Amino acid sequence: MPGAGGLIDDLLRRRVLILTGKGGVGKSTTSAALALLAANDGKRVLVIEVDAKGNVPDFFDTRRVGFKYRRLHKNVWGLSMQPKDSMQEYLSLMLHLPGFSLKPMQGFIEYTSGAIPGLKEILVTGKVYYEENASENGGPRWDLIVVDGAPTGHVVSQLGAARHLSTLVRSGPIHDQAVRIANLLSDVERTAVVLVTIAEEMPVSETIDLADRFADETDITPAALLVNQLQPEIVSDADLPAFKRLVSAAGRKDFLQRYPDGDPLLGAGEMMLEAQGRSQHLGKLLARSLKLPTLNIPYVFQRNHGFAFTRTMARALDDLR
């Protein structure tokens, strides 16, 4: 497996990165940081928010985006999936009727989207496919597309919908487009699905279950695991045995005799050792269960999640190269 630096470069060479994980693990912040890192390398990057209520533009200190892409930062653009706009674009491309109104077809659209399983989900992946194939000035419009993807409970059905739809609809434009989208998502040279988690029991359990679902229900293989928000190792490996004796063994009594008010400090040391042990245990569980190239991302000690946070996190990723 590639080291941290090799893994980052391997991910950024792809055409599409799709990040997914349980809510609260830093999926959006990591998407923004990877987009900025790629942009700093000179790539032209598009960030796609799958959730229309997403907040990726907040990480670039700019206003929210709509369905039409807009510049967020130098070399970084963003757009947000909007169901109605996405349906109109999909039908425009499929029926070759640019600019038509949805109103006369509203009933047909509602019936079709409900009658054909996976059609609503394919609007998201179809947009990714469309932008990946878009050209401008004689070349690709984007060097990299970063997708702030759906959370663990929805991403498998969303990414697997195209292949499923291609088996339900055996011919015609919907079938053909579904096949092209499914092929993009399963092509490990063009697309990397990245699992994002933190070293806590529930997110780790959901991440392992998610990997199993990808294997059982799709032809998509996750490319990497990002373990986010890892606390720094304050005590060196050489000093760790002495620190453990001080905090929780014979050294504790001597320390308190010398420093009677030092109990809260020892308590903090105990909490740090517990967190470190838990993190190491869960890291081994992830490695044993998933066997994926893994990138450990340090905790960013910054209060506000604006562009300063994104820049700091991108630098932390760059330092891992």
# chains A, B, ... in the order shown; residues from 1 in each chain; ligands from 1
$ select_by_dssp --residues "range 127-225 of chain A" --states "strand (DSSP E)" --output "list in words"
Ser135, Glu136, Gly139, Pro140, Leu144, Ile145, Val146, Val147, Asp148, Thr191, Ala192, Val193, Val194, Leu195, Val196, Thr197, Ile198, Ala224 and Leu225 of chain A
$ write_last_selection --atoms "C-alpha atoms" --output "compact mmCIF listing (two decimals), in the first residue's frame"
# COMPACT_ATOMS: atom_id res chain seq x y z
CA SER A 135 -14.91 20.17 -22.43
CA GLU A 136 -13.75 23.74 -22.71
CA GLY A 139 -9.68 20.21 -23.33
CA PRO A 140 -11.47 18.93 -20.24
CA LEU A 144 -10.56 17.05 -10.87
CA ILE A 145 -14.10 16.77 -9.53
CA VAL A 146 -14.47 16.42 -5.75
CA VAL A 147 -17.90 15.18 -4.66
CA ASP A 148 -19.01 15.89 -1.10
CA THR A 191 -12.87 7.50 -9.94
CA ALA A 192 -11.95 7.01 -6.30
CA VAL A 193 -14.60 6.49 -3.64
CA VAL A 194 -13.06 7.55 -0.33
CA LEU A 195 -14.40 6.53 3.09
CA VAL A 196 -14.03 9.17 5.80
CA THR A 197 -14.27 8.38 9.51
CA ILE A 198 -13.00 9.40 12.92
CA ALA A 224 -8.95 4.69 0.40
CA LEU A 225 -9.82 5.38 4.01
$ residues_around --residues "Val47 in chain A" --least-positions-apart "6" --cutoff "10 Å" --atoms "only C-alpha atoms" --output "list of chain:residue names"
A:Val16, A:Leu17, A:Ile18, A:Ser31, A:Ala32, A:Leu34, A:Ala35, A:Leu36, A:Val56, A:Pro57, A:Tyr69, A:Arg70, A:Arg71, A:Leu72, A:Val76, A:Trp77, A:Gly78, A:Leu79, A:Ser80, A:Leu144, A:Ile145, A:Val146, A:Val147, A:Asp148
$ write_last_selection --atoms "N, CA and C atoms" --output "PDB file, in the first residue's frame"
ATOM      1  N   VAL A  16     -12.232  11.896 -10.617  1.00  0.00           N
ATOM      2  CA  VAL A  16     -13.353  12.108  -9.702  1.00  0.00           C
ATOM      3  C   VAL A  16     -12.999  11.524  -8.336  1.00  0.00           C
ATOM      4  N   LEU A  17     -13.201  12.315  -7.294  1.00  0.00           N
ATOM      5  CA  LEU A  17     -13.106  11.845  -5.910  1.00  0.00           C
ATOM      6  C   LEU A  17     -14.490  11.970  -5.283  1.00  0.00           C
ATOM      7  N   ILE A  18     -15.000  10.883  -4.712  1.00  0.00           N
ATOM      8  CA  ILE A  18     -16.290  10.905  -4.030  1.00  0.00           C
ATOM      9  C   ILE A  18     -16.049  10.564  -2.575  1.00  0.00           C
ATOM     10  N   SER A  31     -13.327  17.404   1.949  1.00  0.00           N
ATOM     11  CA  SER A  31     -13.572  17.665   0.525  1.00  0.00           C
ATOM     12  C   SER A  31     -13.006  19.023   0.134  1.00  0.00           C
ATOM     13  N   ALA A  32     -13.271  20.039   0.952  1.00  0.00           N
ATOM     14  CA  ALA A  32     -12.775  21.383   0.667  1.00  0.00           C
ATOM     15  C   ALA A  32     -11.259  21.432   0.696  1.00  0.00           C
ATOM     16  N   LEU A  34      -9.067  18.937   0.211  1.00  0.00           N
ATOM     17  CA  LEU A  34      -8.495  18.232  -0.939  1.00  0.00           C
ATOM     18  C   LEU A  34      -8.655  19.055  -2.214  1.00  0.00           C
ATOM     19  N   ALA A  35      -9.792  19.734  -2.350  1.00  0.00           N
ATOM     20  CA  ALA A  35      -9.991  20.598  -3.521  1.00  0.00           C
ATOM     21  C   ALA A  35      -8.969  21.724  -3.527  1.00  0.00           C
ATOM     22  N   LEU A  36      -8.732  22.343  -2.367  1.00  0.00           N
ATOM     23  CA  LEU A  36      -7.751  23.427  -2.295  1.00  0.00           C
ATOM     24  C   LEU A  36      -6.345  22.909  -2.556  1.00  0.00           C
ATOM     25  N   VAL A  56     -20.128  23.574   1.794  1.00  0.00           N
ATOM     26  CA  VAL A  56     -18.749  23.658   1.305  1.00  0.00           C
ATOM     27  C   VAL A  56     -18.311  25.098   1.022  1.00  0.00           C
ATOM     28  N   PRO A  57     -19.168  25.967   0.432  1.00  0.00           N
ATOM     29  CA  PRO A  57     -18.726  27.353   0.214  1.00  0.00           C
ATOM     30  C   PRO A  57     -18.316  28.076   1.495  1.00  0.00           C
ATOM     31  N   TYR A  69     -22.376  26.102 -11.687  1.00  0.00           N
ATOM     32  CA  TYR A  69     -21.122  26.229 -10.957  1.00  0.00           C
ATOM     33  C   TYR A  69     -20.664  27.690 -10.885  1.00  0.00           C
ATOM     34  N   ARG A  70     -20.021  27.999  -9.770  1.00  0.00           N
ATOM     35  CA  ARG A  70     -19.528  29.349  -9.515  1.00  0.00           C
ATOM     36  C   ARG A  70     -18.173  29.257  -8.827  1.00  0.00           C
ATOM     37  N   ARG A  71     -17.330  30.240  -9.097  1.00  0.00           N
ATOM     38  CA  ARG A  71     -15.971  30.249  -8.552  1.00  0.00           C
ATOM     39  C   ARG A  71     -15.998  30.457  -7.042  1.00  0.00           C
ATOM     40  N   LEU A  72     -15.273  29.594  -6.306  1.00  0.00           N
ATOM     41  CA  LEU A  72     -15.149  29.706  -4.865  1.00  0.00           C
ATOM     42  C   LEU A  72     -13.807  30.269  -4.443  1.00  0.00           C
ATOM     43  N   VAL A  76     -10.806  26.875  -8.015  1.00  0.00           N
ATOM     44  CA  VAL A  76     -11.847  26.058  -7.381  1.00  0.00           C
ATOM     45  C   VAL A  76     -13.218  26.644  -7.701  1.00  0.00           C
ATOM     46  N   TRP A  77     -14.104  25.781  -8.236  1.00  0.00           N
ATOM     47  CA  TRP A  77     -15.488  26.151  -8.490  1.00  0.00           C
ATOM     48  C   TRP A  77     -16.384  25.194  -7.710  1.00  0.00           C
ATOM     49  N   GLY A  78     -17.628  25.600  -7.506  1.00  0.00           N
ATOM     50  CA  GLY A  78     -18.547  24.745  -6.773  1.00  0.00           C
ATOM     51  C   GLY A  78     -19.946  24.803  -7.327  1.00  0.00           C
ATOM     52  N   LEU A  79     -20.695  23.723  -7.124  1.00  0.00           N
ATOM     53  CA  LEU A  79     -22.126  23.716  -7.436  1.00  0.00           C
ATOM     54  C   LEU A  79     -22.823  22.802  -6.447  1.00  0.00           C
ATOM     55  N   SER A  80     -24.124  23.030  -6.299  1.00  0.00           N
ATOM     56  CA  SER A  80     -24.931  22.254  -5.372  1.00  0.00           C
ATOM     57  C   SER A  80     -26.052  21.576  -6.145  1.00  0.00           C
ATOM     58  N   LEU A 144     -10.125  17.892 -11.985  1.00  0.00           N
ATOM     59  CA  LEU A 144     -10.556  17.045 -10.865  1.00  0.00           C
ATOM     60  C   LEU A 144     -11.940  17.489 -10.413  1.00  0.00           C
ATOM     61  N   ILE A 145     -12.794  16.507 -10.116  1.00  0.00           N
ATOM     62  CA  ILE A 145     -14.103  16.769  -9.530  1.00  0.00           C
ATOM     63  C   ILE A 145     -14.131  16.122  -8.153  1.00  0.00           C
ATOM     64  N   VAL A 146     -14.366  16.921  -7.125  1.00  0.00           N
ATOM     65  CA  VAL A 146     -14.475  16.421  -5.755  1.00  0.00           C
ATOM     66  C   VAL A 146     -15.950  16.450  -5.374  1.00  0.00           C
ATOM     67  N   VAL A 147     -16.493  15.293  -5.009  1.00  0.00           N
ATOM     68  CA  VAL A 147     -17.904  15.185  -4.662  1.00  0.00           C
ATOM     69  C   VAL A 147     -18.031  15.029  -3.151  1.00  0.00           C
ATOM     70  N   ASP A 148     -18.662  16.016  -2.520  1.00  0.00           N
ATOM     71  CA  ASP A 148     -19.008  15.895  -1.104  1.00  0.00           C
ATOM     72  C   ASP A 148     -20.259  15.033  -1.057  1.00  0.00           C
TER      73      ASP A 148
END
$ closest_residue --among "A:Val155, A:Met313, A:Val128, A:Ala250" --to "Arg190 in chain A" --atoms "only C-alpha atoms"
A:Val128
$ residues_around --residues "Thr125 in chain A" --least-positions-apart "2" --cutoff "8 Å" --atoms "only C-alpha atoms" --output "PDB file with N, CA and C atoms, in the first residue's frame"
ATOM      1  N   GLU A 121     -31.900   8.955  -8.018  1.00  0.00           N
ATOM      2  CA  GLU A 121     -30.501   8.857  -7.594  1.00  0.00           C
ATOM      3  C   GLU A 121     -29.539   9.099  -8.747  1.00  0.00           C
ATOM      4  N   ILE A 122     -29.958   8.685  -9.947  1.00  0.00           N
ATOM      5  CA  ILE A 122     -29.062   8.814 -11.094  1.00  0.00           C
ATOM      6  C   ILE A 122     -28.884  10.270 -11.516  1.00  0.00           C
ATOM      7  N   LEU A 123     -29.773  11.146 -11.067  1.00  0.00           N
ATOM      8  CA  LEU A 123     -29.605  12.566 -11.378  1.00  0.00           C
ATOM      9  C   LEU A 123     -28.312  13.098 -10.795  1.00  0.00           C
ATOM     10  N   LYS A 127     -24.982  14.011 -13.106  1.00  0.00           N
ATOM     11  CA  LYS A 127     -24.341  15.326 -13.129  1.00  0.00           C
ATOM     12  C   LYS A 127     -22.829  15.192 -13.019  1.00  0.00           C
ATOM     13  N   VAL A 128     -22.383  14.277 -12.166  1.00  0.00           N
ATOM     14  CA  VAL A 128     -20.938  14.027 -12.048  1.00  0.00           C
ATOM     15  C   VAL A 128     -20.382  13.563 -13.390  1.00  0.00           C
ATOM     16  N   TYR A 129     -21.093  12.623 -14.023  1.00  0.00           N
ATOM     17  CA  TYR A 129     -20.654  12.114 -15.328  1.00  0.00           C
ATOM     18  C   TYR A 129     -20.609  13.233 -16.361  1.00  0.00           C
ATOM     19  N   GLN A 158     -27.281   5.354  -3.841  1.00  0.00           N
ATOM     20  CA  GLN A 158     -27.091   6.436  -4.808  1.00  0.00           C
ATOM     21  C   GLN A 158     -26.055   6.057  -5.862  1.00  0.00           C
ATOM     22  N   LEU A 159     -24.907   5.562  -5.426  1.00  0.00           N
ATOM     23  CA  LEU A 159     -23.847   5.229  -6.383  1.00  0.00           C
ATOM     24  C   LEU A 159     -24.143   3.931  -7.137  1.00  0.00           C
ATOM     25  N   ALA A 162     -27.111   3.548 -10.846  1.00  0.00           N
ATOM     26  CA  ALA A 162     -26.909   3.532 -12.301  1.00  0.00           C
ATOM     27  C   ALA A 162     -26.805   2.103 -12.829  1.00  0.00           C
ATOM     28  N   ILE A 181     -22.630   5.990 -16.842  1.00  0.00           N
ATOM     29  CA  ILE A 181     -22.418   6.490 -15.485  1.00  0.00           C
ATOM     30  C   ILE A 181     -21.849   5.388 -14.596  1.00  0.00           C
TER      31      ILE A 181
END
$ residues_around --residues "Asp143 in chain A" --least-positions-apart "5" --cutoff "8 Å" --atoms "only C-alpha atoms" --output "PyMOL selection string"
chain A and resi 15+43-45
$ write_last_selection --atoms "N, CA and C atoms" --output "short mmCIF file (atom, residue, chain, number, x, y, z; two decimals), in the first residue's frame"
data_model
loop_
_atom_site.label_atom_id
_atom_site.label_comp_id
_atom_site.auth_asym_id
_atom_site.auth_seq_id
_atom_site.Cartn_x
_atom_site.Cartn_y
_atom_site.Cartn_z
N ARG A 15 -9.81 11.49 -11.86
CA ARG A 15 -10.70 12.51 -12.42
C ARG A 15 -11.81 12.88 -11.45
N LYS A 43 -4.36 22.44 -10.53
CA LYS A 43 -5.51 21.78 -11.15
C LYS A 43 -6.73 22.70 -11.11
N ARG A 44 -7.58 22.54 -12.11
CA ARG A 44 -8.86 23.23 -12.15
C ARG A 44 -9.88 22.28 -11.54
N VAL A 45 -10.47 22.67 -10.40
CA VAL A 45 -11.23 21.74 -9.57
C VAL A 45 -12.69 22.20 -9.46
#
$ atom_distance --atom1 "CA of Thr218 in chain A" --atom2 "CA of Val156 in chain A"
7.5 Å
$ closest_residue --among "A:Pro260, A:Gly149, A:Gly269, A:Pro222" --to "Gly21 in chain A" --atoms "only C-alpha atoms"
A:Gly149
